[in-house]
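> Can you keep this structure in mind? I'll have questions shortly.
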Amino acid sequence: MTNDEILAKLREKYPKVVVDTPELIDFTVVVKSEALTEVATFLHDECRLDYLADVTAVDRPERFEVVYHLYSVKNQTPGPFVLKVYLEDKGNPKVASVTPIWRGANFQEREVYDLMGIAFEGHPNLKRILLWEGFPGHPLRKDFENRTFTFKELEPTRPKPPDW
Amino acid sequence: MLKTETITLNLGPQHPSTHGVFRLKLQLDGEAVRDLEPVMGYLHRGIEKLSEERTYVQVVPLTDRLDYVCSMTNNQAYAIAVEKMAGIEVPERAEYIRVIMAEFTRIINHLMAVGFLWNELGAYFTPVVYCFRERERVLDLFEMTCGSRMMCNYMRPGGVSVDLPEGFIPQAKKLNDHLKTFVDELDRLLSENEIFLSRAVNVGVLPADVAINASITGPMLRASGVLYDIRKVDHYSIYDRFDFEVPTCEHGDVWDRYYQHILEMYQSVRIIDQALDGIPQGEVMNKAAAKATRRPPEGEAYGRIESPKGELSFYVVSDGSGNPYRLRIRPPSMINLSALKEMCQGHKIQDIVIILGSVNLTMADLDR
């Protein structure tokens, strides 16, 4: 199934869910954040997009974008099907987790939570993965200063034994 | 009545068998493992954030240090992503050089994987010595071309940085012929070893549907029986011109993952043979690339390659200025680790160490 056919089937089944299809190099579809679980289940079960390559997030000035890159191993499709979700609320961004559908999203969603601060509801183990629990802030956000942090600054925030 | 409880053991970050700084919290019932939790981030350097302050060409040395064993393929993945976004073409000779370097990188990575798996088994450093002897010969070729053994900084968006020196092609041909007999020798030495067979067969089995669902790629996926190789699916670079097969194995246990590396080395040697025979003359860097990467147009692109460990891909977002607005690196090692818990069900501590060895991790790639 090509990407256009998948988009047509998606529009047929869930008429109001697709927000936008921007003209980018890869085939991109933007859906509403409330409908993410339904759309993801539909894409996994009926369109056979069974390989989730990447879950990532971009910090734009007015919104967060959560980006999913999907491929099909069964049909060996060459181009990615990019699914995006726009999160307008920058103070408290959260979106449903796709870990029940694609197991590989587990570590990647934890990393997005760790470095960008977007919470995923329904994730089995949403903890920080690359940084430690007391780290001040979320580094990949644009308002996080890109400088060298000294040991004296960061050491008080580290968890002490036996919790390390 | 006997009351038993489980012990929590810390396979800590300083450990000779964890392939770098990686921590596993194990819940043990005697010697059998009930539960495990990986803790990572000891080598996190913030490459994604650092690249937001650099220009597109200054990011190339940062990508070298992602997976330090195969630095040429890291550069290739970044170059492909930026070329896709900015619409730059690569000259023919540069494409042939990229294929030769990428396949040599695949061979050296698989040699290291096989060597260090046997380290975990207890054959302490003898297979490593054999494998690294050949690896040093390939690293000599790399040093001849770009000046550095491991941190090559060679493939840029638009081509490669310098042309091959005079004696490269004869030396590469001689080395390739030698590697054909060496891989055969390694196969005959190691594959049918009785101790290896009794320790590795049916240990750490990964079924195919679990592997696809857990986003696992690379030799681990093909060892479970799924035929998916990005060189054949995406038709990137000029891999369509070469005649090679994609091997798979059936069971997905540790022996199959080891044997998958050996089979892929046979195929890489074939590709290098054909590329060395057919390499044309010409220039090696697209002249318009320097201008196009100084300020590429706004947009985003997802470029992926079949790196020796799995799918390595870069998601580059540009906002029209000279720095990448967001550079996301999809690490094959971190995602290949997501099925560790399923693979380790019902095994003992010594099996955990072998299973971790067969996943072929490099911590620098996991943490970035």
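Here's how to read the names in the structure tokens: chain A, B, ... by the order shown, residue numbers from 1 in each chain, ligand numbers from 1 in the order shown.
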Residues of chain B within 9 Å of chain A, counting only C-alpha atoms, what are they? List them as a VMD selection string.
chain B and resid 39 to 44 46 48 to 50 53 84 to 85 210 to 216 226 to 228 230 233 to 235 299 to 302 311 313 315 317 325 to 326 328 330 334 to 336 338 to 339 367
> Which polymer residues have any atom within 6 Å of an atom of B:Pro296, counting only C-alpha atoms, with same-chain residues fewer than 2 positions away left out, as a PyMOL selection string?
chain B and resi 86+292-293+320
> Looking at B:Val284, B:Val160, B:Leu221, B:Met144, which one is nearest to B:Leu206, with distances taken over only C-alpha atoms?
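Among the listed residues, the smallest separation from B:Leu206 belongs to B:Leu221.
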> Excluding A:Asn92 and its own-chain neighbours fewer than 2 positions away, which residues fall within 10 Å of it when counting only C-alpha atoms? Please give them as a ChimeraX atom specification.
/A:87-90,94,117-119
> Smallest atom-to-atom distance to B:Asp243: which of B:Leu141, B:Ile272, B:Leu117, B:Met101, using only C-alpha atoms?
B:Ile272
> I'd like the neighbourhood of stretch 88-99 of chain B as a PyMOL selection string, where a residue qualifies if any of its atoms comes within 7 Å (using only C-alpha atoms), though same-chain residues fewer than 2 positions away should be ignored.
chain B and resi 83-84+86+101-103+158-160+237-238+275+279-286+289
> Just list as a PyMOL selection string whatever in stretch 29-62 of chain A DSSP marks as helix (DSSP H, G or I).
chain A and resi 33-45
> Please produce a file of the residues just selected, as a PDB file, in the first residue's frame, where the atoms kept are N, CA and C atoms.

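Printed below is part.pdb as written:
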```pdb
ATOM      1  N   SER A  33      -4.068  15.360  18.573  1.00  0.00           N
ATOM      2  CA  SER A  33      -3.377  14.589  19.606  1.00  0.00           C
ATOM      3  C   SER A  33      -4.329  13.691  20.375  1.00  0.00           C
ATOM      4  N   GLU A  34      -5.636  14.041  20.412  1.00  0.00           N
ATOM      5  CA  GLU A  34      -6.548  13.179  21.170  1.00  0.00           C
ATOM      6  C   GLU A  34      -6.785  11.872  20.438  1.00  0.00           C
ATOM      7  N   ALA A  35      -6.654  11.887  19.119  1.00  0.00           N
ATOM      8  CA  ALA A  35      -6.979  10.688  18.338  1.00  0.00           C
ATOM      9  C   ALA A  35      -5.784   9.820  18.065  1.00  0.00           C
ATOM     10  N   LEU A  36      -4.661  10.049  18.749  1.00  0.00           N
ATOM     11  CA  LEU A  36      -3.434   9.349  18.370  1.00  0.00           C
ATOM     12  C   LEU A  36      -3.543   7.854  18.545  1.00  0.00           C
ATOM     13  N   THR A  37      -4.134   7.388  19.658  1.00  0.00           N
ATOM     14  CA  THR A  37      -4.174   5.937  19.879  1.00  0.00           C
ATOM     15  C   THR A  37      -4.980   5.241  18.801  1.00  0.00           C
ATOM     16  N   GLU A  38      -6.136   5.838  18.415  1.00  0.00           N
ATOM     17  CA  GLU A  38      -6.956   5.177  17.392  1.00  0.00           C
ATOM     18  C   GLU A  38      -6.220   5.128  16.064  1.00  0.00           C
ATOM     19  N   VAL A  39      -5.603   6.239  15.709  1.00  0.00           N
ATOM     20  CA  VAL A  39      -4.906   6.282  14.428  1.00  0.00           C
ATOM     21  C   VAL A  39      -3.753   5.300  14.418  1.00  0.00           C
ATOM     22  N   ALA A  40      -3.028   5.223  15.554  1.00  0.00           N
ATOM     23  CA  ALA A  40      -1.873   4.317  15.601  1.00  0.00           C
ATOM     24  C   ALA A  40      -2.329   2.863  15.505  1.00  0.00           C
ATOM     25  N   THR A  41      -3.419   2.522  16.191  1.00  0.00           N
ATOM     26  CA  THR A  41      -3.912   1.145  16.100  1.00  0.00           C
ATOM     27  C   THR A  41      -4.358   0.834  14.684  1.00  0.00           C
ATOM     28  N   PHE A  42      -5.016   1.798  14.046  1.00  0.00           N
ATOM     29  CA  PHE A  42      -5.457   1.581  12.664  1.00  0.00           C
ATOM     30  C   PHE A  42      -4.260   1.366  11.737  1.00  0.00           C
ATOM     31  N   LEU A  43      -3.228   2.198  11.898  1.00  0.00           N
ATOM     32  CA  LEU A  43      -2.072   2.068  11.016  1.00  0.00           C
ATOM     33  C   LEU A  43      -1.332   0.760  11.264  1.00  0.00           C
ATOM     34  N   HIS A  44      -1.318   0.310  12.514  1.00  0.00           N
ATOM     35  CA  HIS A  44      -0.600  -0.923  12.787  1.00  0.00           C
ATOM     36  C   HIS A  44      -1.367  -2.124  12.289  1.00  0.00           C
ATOM     37  N   ASP A  45      -2.683  -2.165  12.568  1.00  0.00           N
ATOM     38  CA  ASP A  45      -3.417  -3.392  12.255  1.00  0.00           C
ATOM     39  C   ASP A  45      -3.818  -3.469  10.801  1.00  0.00           C
TER      40      ASP A  45
END
```
> Of the residues B:Asp253, B:Glu52, B:Glu192, B:Glu264, which is the one nearest to B:Cys344, using only C-alpha atoms?
B:Asp253
> So the first atom is atom CA of B:Asn176 and the second is atom CA of B:Asp273; what is the distance between them in Å, to one decimal place?
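One can read the atom CA of B:Asn176 to atom CA of B:Asp273 distance as 7.2 Å.
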> Just list the residues in stretch 130-273 of chain B DSSP gives strand (DSSP E or B) on the backbone, as a list in words.
Met155, Arg156, Gly159 and Val160 of chain B
> Residues of the last selection are to be written out with N, CA and C atoms, as a PDB file, in the first residue's frame.

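So the final result, stored in result_37.pdb, reads:
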```
ATOM      1  N   MET B 155      33.404  11.352   5.076  1.00  0.00           N
ATOM      2  CA  MET B 155      32.298  11.538   4.150  1.00  0.00           C
ATOM      3  C   MET B 155      31.534  12.796   4.543  1.00  0.00           C
ATOM      4  N   ARG B 156      31.482  13.743   3.664  1.00  0.00           N
ATOM      5  CA  ARG B 156      30.798  14.996   3.946  1.00  0.00           C
ATOM      6  C   ARG B 156      29.533  15.073   3.094  1.00  0.00           C
ATOM      7  N   GLY B 159      29.791  14.478  -1.003  1.00  0.00           N
ATOM      8  CA  GLY B 159      30.847  13.621  -1.530  1.00  0.00           C
ATOM      9  C   GLY B 159      31.751  13.174  -0.412  1.00  0.00           C
ATOM     10  N   VAL B 160      33.025  13.027  -0.719  1.00  0.00           N
ATOM     11  CA  VAL B 160      34.011  12.697   0.302  1.00  0.00           C
ATOM     12  C   VAL B 160      35.034  13.828   0.313  1.00  0.00           C
TER      13      VAL B 160
END
```
> Would you compute the distance between atom CA of B:Ile7 and atom CA of A:Arg110? Give it in Å to one decimal.
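So the two atoms, atom CA of B:Ile7 and atom CA of A:Arg110, lie 26.9 Å apart.
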> Mind checking which residues fall within 8 Å of B:Arg257, counting only C-alpha atoms, ignoring those fewer than 4 positions away in the same chain, and posting them as JSON, numbers by chain?
{"B": [219, 220, 223, 249, 252, 253, 261, 358, 359]}
> Counting only C-alpha atoms, which of B:Val203, B:Ile305, B:Leu121, B:Met151 gets nearest to B:Ile80?
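Going through B:Val203, B:Ile305, B:Leu121, B:Met151 one by one, the smallest distance to B:Ile80 is for B:Ile305.
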> Residues within 12 Å of B:Lys174, please, as an MDAnalysis selection string. Count only C-alpha atoms; anything in the same chain fewer than 5 positions from it doesn't count.
chainID B and resid 137:138 141 167:169 179:181 269 272:273 276
> Just the residues within 12 Å of A:Leu7, please, counting only C-alpha atoms, with nothing from its chain fewer than 5 positions along; format it as an mmCIF file with C-alpha atoms, in the first residue's frame.

```cif
data_model
loop_
_atom_site.group_PDB
_atom_site.id
_atom_site.type_symbol
_atom_site.label_atom_id
_atom_site.label_comp_id
_atom_site.auth_asym_id
_atom_site.auth_seq_id
_atom_site.Cartn_x
_atom_site.Cartn_y
_atom_site.Cartn_z
ATOM 1 C CA MET A 1 0.000 0.000 0.000
ATOM 2 C CA THR A 2 1.466 3.337 -0.899
ATOM 3 C CA GLU A 12 -12.371 7.439 5.043
ATOM 4 C CA LYS A 13 -12.381 5.757 8.415
ATOM 5 C CA TYR A 14 -11.759 8.756 10.696
ATOM 6 C CA PRO A 15 -12.997 11.794 8.804
ATOM 7 C CA VAL A 17 -8.830 13.447 12.542
ATOM 8 C CA VAL A 18 -6.354 14.655 9.926
ATOM 9 C CA VAL A 19 -5.367 18.247 10.599
ATOM 10 C CA ASP A 20 -2.859 18.921 7.871
ATOM 11 C CA THR A 21 -0.648 17.297 5.237
ATOM 12 C CA PHE A 27 5.162 12.071 3.232
ATOM 13 C CA THR A 28 3.772 13.730 6.379
ATOM 14 C CA VAL A 29 0.343 13.579 8.012
ATOM 15 C CA VAL A 30 -0.607 15.637 11.061
ATOM 16 C CA VAL A 31 -3.358 14.296 13.284
ATOM 17 C CA VAL A 39 -4.906 6.282 14.428
ATOM 18 C CA PHE A 42 -5.457 1.581 12.664
ATOM 19 C CA LEU A 43 -2.072 2.068 11.016
ATOM 20 C CA CYS A 47 -2.223 -0.761 6.988
ATOM 21 C CA PHE A 81 5.163 7.487 6.614
ATOM 22 C CA VAL A 82 5.641 10.399 8.986
ATOM 23 C CA LEU A 83 2.936 10.905 11.581
#
```
> B:Val57, B:Gln274, B:Glu306, B:Thr105: which is nearest B:Ser161, counting only C-alpha atoms?
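Nearest candidate to B:Ser161 out of B:Val57, B:Gln274, B:Glu306, B:Thr105: B:Val57.
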> Please report the interatomic distance between atom CA of B:Met363 and atom CA of B:Gly20 in Å with one decimal.
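About the pair atom CA of B:Met363 and atom CA of B:Gly20: they are 5.7 Å apart.
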